[in-house]
$ cat protein25.pdb   # PDB, C-alpha atoms
ATOM      1  CA  MET V1241     -74.613 -72.247  34.388
ATOM      2  CA  LYS V1242     -74.255 -75.531  32.483
ATOM      3  CA  VAL V1243     -70.922 -76.813  31.183
ATOM      4  CA  LYS V1244     -69.787 -80.064  29.531
ATOM      5  CA  THR V1245     -67.036 -81.540  31.685
ATOM      6  CA  SER V1246     -65.572 -84.813  32.832
ATOM      7  CA  PRO V1247     -66.115 -86.905  34.796
ATOM      8  CA  GLU V1248     -69.246 -88.383  33.369
ATOM      9  CA  CYS V1249     -72.182 -88.820  35.689
ATOM     10  CA  PRO V1250     -71.926 -92.246  37.342
ATOM     11  CA  LYS V1251     -75.713 -92.552  37.282
ATOM     12  CA  CYS V1252     -76.586 -91.670  33.663
ATOM     13  CA  GLY V1253     -73.240 -91.071  31.871
ATOM     14  CA  HIS V1254     -74.138 -87.494  30.912
ATOM     15  CA  ARG V1255     -71.274 -84.939  30.809
ATOM     16  CA  MET V1256     -73.262 -81.721  31.254
ATOM     17  CA  LYS V1257     -73.112 -80.273  34.782
ATOM     18  CA  ARG V1258     -75.164 -77.569  36.437
ATOM     19  CA  PHE V1259     -72.780 -75.375  38.421
ATOM     20  CA  PRO V1260     -73.769 -73.290  41.415
ATOM     21  CA  PRO V1261     -74.642 -69.675  40.766
ATOM     22  CA  GLY V1262     -72.831 -68.151  43.684
ATOM     23  CA  ARG V1263     -71.165 -68.478  47.000
ATOM     24  CA  LYS V1264     -68.222 -70.779  47.486
ATOM     25  CA  ASP V1265     -68.630 -73.764  49.836
ATOM     26  CA  GLU V1266     -72.412 -73.440  49.931
ATOM     27  CA  TYR V1267     -73.646 -75.023  46.700
ATOM     28  CA  HIS V1268     -73.387 -78.419  45.076
ATOM     29  CA  VAL V1269     -72.656 -79.360  41.455
ATOM     30  CA  HIS V1270     -75.402 -81.488  39.869
ATOM     31  CA  CYS V1271     -75.804 -83.495  36.677
ATOM     32  CA  ALA V1272     -77.898 -81.487  34.225
ATOM     33  CA  GLU V1273     -79.671 -84.657  33.051
ATOM     34  CA  CYS V1274     -80.568 -86.702  36.153
ATOM     35  CA  ASN V1275     -79.708 -84.234  38.960
ATOM     36  CA  TYR V1276     -76.990 -86.504  40.456
ATOM     37  CA  ASP V1277     -75.143 -84.633  43.225
ATOM     38  CA  PHE V1278     -71.370 -84.452  42.587
ATOM     39  CA  GLY V1279     -70.861 -82.761  45.937
ATOM     40  CA  ARG V1280     -69.772 -79.327  46.993
ATOM     41  CA  PHE V1281     -68.363 -77.010  44.347
ATOM     42  CA  ASP V1282     -65.023 -76.572  46.133
ATOM     43  CA  HIS V1283     -64.512 -80.363  46.267
ATOM     44  CA  PHE V1284     -65.445 -80.709  42.585
ATOM     45  CA  GLN V1285     -63.051 -77.873  41.720
ATOM     46  CA  ALA V1286     -60.223 -79.556  43.676
ATOM     47  CA  GLN V1287     -60.658 -82.716  41.583
ATOM     48  CA  PHE V1288     -60.064 -80.695  38.422
ATOM     49  CA  ARG V1289     -57.106 -78.871  39.944
ATOM     50  CA  HIS V1290     -55.454 -82.233  40.632
ATOM     51  CA  ALA V1291     -56.079 -83.387  37.043
ATOM     52  CA  ILE V1292     -54.651 -80.144  35.639
ATOM     53  CA  GLU V1293     -51.529 -80.429  37.800
ATOM     54  CA  GLU V1294     -50.965 -83.998  36.560
ATOM     55  CA  LEU V1295     -51.373 -82.910  32.941
ATOM     56  CA  GLU V1296     -48.980 -79.984  33.379
ATOM     57  CA  GLU V1297     -46.383 -82.328  34.901
ATOM     58  CA  GLN V1298     -46.708 -84.724  31.954
ATOM     59  CA  LEU V1299     -46.291 -81.852  29.501
ATOM     60  CA  LYS V1300     -43.166 -80.630  31.307
ATOM     61  CA  HIS V1301     -41.629 -84.083  31.028
ATOM     62  CA  ARG V1302     -42.508 -84.250  27.341
ATOM     63  CA  ASP V1303     -41.034 -80.786  26.694
ATOM     64  CA  THR V1304     -37.844 -81.748  28.526
ATOM     65  CA  ALA V1305     -37.558 -84.916  26.455
ATOM     66  CA  ASP V1306     -38.086 -82.921  23.233
ATOM     67  CA  ASP V1307     -35.385 -80.418  24.278
ATOM     68  CA  ASP V1308     -32.923 -83.239  24.929
ATOM     69  CA  ARG V1309     -33.465 -84.612  21.406
ATOM     70  CA  GLY V1310     -33.206 -81.259  19.634
TER      71      GLY V1310
END
$ encode --input "protein25.pdb" --output "structure tokens"
Amino acid sequence: MKVKTSPECPKCGHRMKRFPPGRKDEYHVHCAECNYDFGRFDHFQAQFRHAIEELEEQLKHRDTADDDRG
């Protein structure tokens, strides 16, 4: 499966990744353009989880600020 995601490949700048077809902890995520190895799927997934948690926290603060004004 190929998906456009951040971060960009540090080698070629491409955003398309080739994700592993199956078992957790056994496969690596690679750049679809130059085959750069982003590491194990579970590590790559954890990076996104951290980014999502940060974004959710920012949105909560923004919603709280909007509620205080309204």
$ closest_residue --input "protein25.pdb" --among "V:His1290, V:Lys1251, V:His1283, V:Arg1302" --to "Cys1271 (chain V)" --atoms "all atoms listed in the file"
V:Lys1251
$ atom_distance --input "protein25.pdb" --atom1 "CA of Arg1255 (chain V)" --atom2 "CA of Leu1299 (chain V)"
25.2 Å
$ axis_aligned_box --input "protein25.pdb" --around "region 1282-1294 of chain V" --padding-each-side "8 Å" --output "AutoDock Vina command-line options"
--center_x -58.2 --center_y -80.3 --center_z 41.0 --size_x 30.5 --size_y 23.4 --size_z 26.6
$ closest_residue --input "protein25.pdb" --among "V:Phe1281, V:Tyr1267, V:Glu1273, V:Gln1298" --to "Cys1252 (chain V)" --atoms "all atoms listed in the file"
V:Glu1273
$ atom_distance --input "protein25.pdb" --atom1 "CA of Lys1257 (chain V)" --atom2 "CA of His1270 (chain V)"
5.7 Å
$ atom_distance --input "protein25.pdb" --atom1 "CA of Glu1293 (chain V)" --atom2 "CA of Met1256 (chain V)"
22.7 Å
$ closest_residue --input "protein25.pdb" --among "V:Asn1275, V:Ser1246, V:Gln1285, V:Thr1304" --to "Arg1258 (chain V)" --atoms "only C-alpha atoms"
V:Asn1275
$ closest_residue --input "protein25.pdb" --among "V:Phe1278, V:Glu1294, V:His1268, V:Asp1303" --to "Pro1247 (chain V)" --atoms "only C-alpha atoms"
V:Phe1278
$ closest_residue --input "protein25.pdb" --among "V:Cys1249, V:Ala1305, V:Ala1291, V:Glu1297" --to "Ala1272 (chain V)" --atoms "only C-alpha atoms"
V:Cys1249
$ build_atoms --input "protein25.pdb" --residues "region 1246-1271 of chain V" --atoms "N, CA and C atoms" --output "PDB file, in the coordinates of the input"
ATOM      1  N   SER V1246     -65.769 -83.481  32.275  1.00  0.00           N
ATOM      2  CA  SER V1246     -65.572 -84.813  32.832  1.00  0.00           C
ATOM      3  C   SER V1246     -65.563 -84.628  34.326  1.00  0.00           C
ATOM      4  N   PRO V1247     -65.770 -85.527  35.129  1.00  0.00           N
ATOM      5  CA  PRO V1247     -66.115 -86.905  34.796  1.00  0.00           C
ATOM      6  C   PRO V1247     -67.586 -87.030  34.420  1.00  0.00           C
ATOM      7  N   GLU V1248     -67.864 -88.109  33.730  1.00  0.00           N
ATOM      8  CA  GLU V1248     -69.246 -88.383  33.369  1.00  0.00           C
ATOM      9  C   GLU V1248     -70.037 -88.718  34.629  1.00  0.00           C
ATOM     10  N   CYS V1249     -71.302 -88.497  34.571  1.00  0.00           N
ATOM     11  CA  CYS V1249     -72.182 -88.820  35.689  1.00  0.00           C
ATOM     12  C   CYS V1249     -72.184 -90.337  35.893  1.00  0.00           C
ATOM     13  N   PRO V1250     -71.934 -90.800  37.104  1.00  0.00           N
ATOM     14  CA  PRO V1250     -71.926 -92.246  37.342  1.00  0.00           C
ATOM     15  C   PRO V1250     -73.318 -92.873  37.252  1.00  0.00           C
ATOM     16  N   LYS V1251     -74.344 -92.058  37.315  1.00  0.00           N
ATOM     17  CA  LYS V1251     -75.713 -92.552  37.282  1.00  0.00           C
ATOM     18  C   LYS V1251     -76.246 -92.688  35.849  1.00  0.00           C
ATOM     19  N   CYS V1252     -76.011 -91.647  35.011  1.00  0.00           N
ATOM     20  CA  CYS V1252     -76.586 -91.670  33.663  1.00  0.00           C
ATOM     21  C   CYS V1252     -75.548 -91.518  32.547  1.00  0.00           C
ATOM     22  N   GLY V1253     -74.289 -91.201  32.877  1.00  0.00           N
ATOM     23  CA  GLY V1253     -73.240 -91.071  31.871  1.00  0.00           C
ATOM     24  C   GLY V1253     -73.192 -89.723  31.170  1.00  0.00           C
ATOM     25  N   HIS V1254     -74.070 -88.816  31.529  1.00  0.00           N
ATOM     26  CA  HIS V1254     -74.138 -87.494  30.912  1.00  0.00           C
ATOM     27  C   HIS V1254     -72.932 -86.656  31.346  1.00  0.00           C
ATOM     28  N   ARG V1255     -72.436 -85.760  30.473  1.00  0.00           N
ATOM     29  CA  ARG V1255     -71.274 -84.939  30.809  1.00  0.00           C
ATOM     30  C   ARG V1255     -71.629 -83.502  31.180  1.00  0.00           C
ATOM     31  N   MET V1256     -72.859 -83.094  30.978  1.00  0.00           N
ATOM     32  CA  MET V1256     -73.262 -81.721  31.254  1.00  0.00           C
ATOM     33  C   MET V1256     -73.546 -81.567  32.746  1.00  0.00           C
ATOM     34  N   LYS V1257     -72.924 -80.540  33.357  1.00  0.00           N
ATOM     35  CA  LYS V1257     -73.112 -80.273  34.782  1.00  0.00           C
ATOM     36  C   LYS V1257     -73.811 -78.938  34.969  1.00  0.00           C
ATOM     37  N   ARG V1258     -74.545 -78.834  36.050  1.00  0.00           N
ATOM     38  CA  ARG V1258     -75.164 -77.569  36.437  1.00  0.00           C
ATOM     39  C   ARG V1258     -74.360 -77.046  37.618  1.00  0.00           C
ATOM     40  N   PHE V1259     -73.649 -75.945  37.396  1.00  0.00           N
ATOM     41  CA  PHE V1259     -72.780 -75.375  38.421  1.00  0.00           C
ATOM     42  C   PHE V1259     -73.538 -74.370  39.275  1.00  0.00           C
ATOM     43  N   PRO V1260     -73.091 -74.216  40.501  1.00  0.00           N
ATOM     44  CA  PRO V1260     -73.769 -73.290  41.415  1.00  0.00           C
ATOM     45  C   PRO V1260     -73.643 -71.848  40.949  1.00  0.00           C
ATOM     46  N   PRO V1261     -74.650 -71.058  41.219  1.00  0.00           N
ATOM     47  CA  PRO V1261     -74.642 -69.675  40.766  1.00  0.00           C
ATOM     48  C   PRO V1261     -73.841 -68.725  41.636  1.00  0.00           C
ATOM     49  N   GLY V1262     -73.405 -69.164  42.807  1.00  0.00           N
ATOM     50  CA  GLY V1262     -72.831 -68.151  43.684  1.00  0.00           C
ATOM     51  C   GLY V1262     -71.811 -68.616  44.673  1.00  0.00           C
ATOM     52  N   ARG V1263     -72.114 -68.416  45.903  1.00  0.00           N
ATOM     53  CA  ARG V1263     -71.165 -68.478  47.000  1.00  0.00           C
ATOM     54  C   ARG V1263     -70.408 -69.792  47.120  1.00  0.00           C
ATOM     55  N   LYS V1264     -69.113 -69.637  47.316  1.00  0.00           N
ATOM     56  CA  LYS V1264     -68.222 -70.779  47.486  1.00  0.00           C
ATOM     57  C   LYS V1264     -68.601 -71.554  48.743  1.00  0.00           C
ATOM     58  N   ASP V1265     -68.424 -72.863  48.700  1.00  0.00           N
ATOM     59  CA  ASP V1265     -68.630 -73.764  49.836  1.00  0.00           C
ATOM     60  C   ASP V1265     -70.091 -73.933  50.234  1.00  0.00           C
ATOM     61  N   GLU V1266     -71.021 -73.333  49.524  1.00  0.00           N
ATOM     62  CA  GLU V1266     -72.412 -73.440  49.931  1.00  0.00           C
ATOM     63  C   GLU V1266     -73.258 -74.247  48.957  1.00  0.00           C
ATOM     64  N   TYR V1267     -72.828 -74.389  47.719  1.00  0.00           N
ATOM     65  CA  TYR V1267     -73.646 -75.023  46.700  1.00  0.00           C
ATOM     66  C   TYR V1267     -73.006 -76.291  46.174  1.00  0.00           C
ATOM     67  N   HIS V1268     -73.843 -77.162  45.640  1.00  0.00           N
ATOM     68  CA  HIS V1268     -73.387 -78.419  45.076  1.00  0.00           C
ATOM     69  C   HIS V1268     -73.471 -78.376  43.554  1.00  0.00           C
ATOM     70  N   VAL V1269     -72.634 -79.180  42.899  1.00  0.00           N
ATOM     71  CA  VAL V1269     -72.656 -79.360  41.455  1.00  0.00           C
ATOM     72  C   VAL V1269     -73.562 -80.561  41.178  1.00  0.00           C
ATOM     73  N   HIS V1270     -74.466 -80.414  40.199  1.00  0.00           N
ATOM     74  CA  HIS V1270     -75.402 -81.488  39.869  1.00  0.00           C
ATOM     75  C   HIS V1270     -75.333 -81.824  38.391  1.00  0.00           C
ATOM     76  N   CYS V1271     -75.673 -83.071  38.067  1.00  0.00           N
ATOM     77  CA  CYS V1271     -75.804 -83.495  36.677  1.00  0.00           C
ATOM     78  C   CYS V1271     -76.999 -82.767  36.072  1.00  0.00           C
TER      79      CYS V1271
END
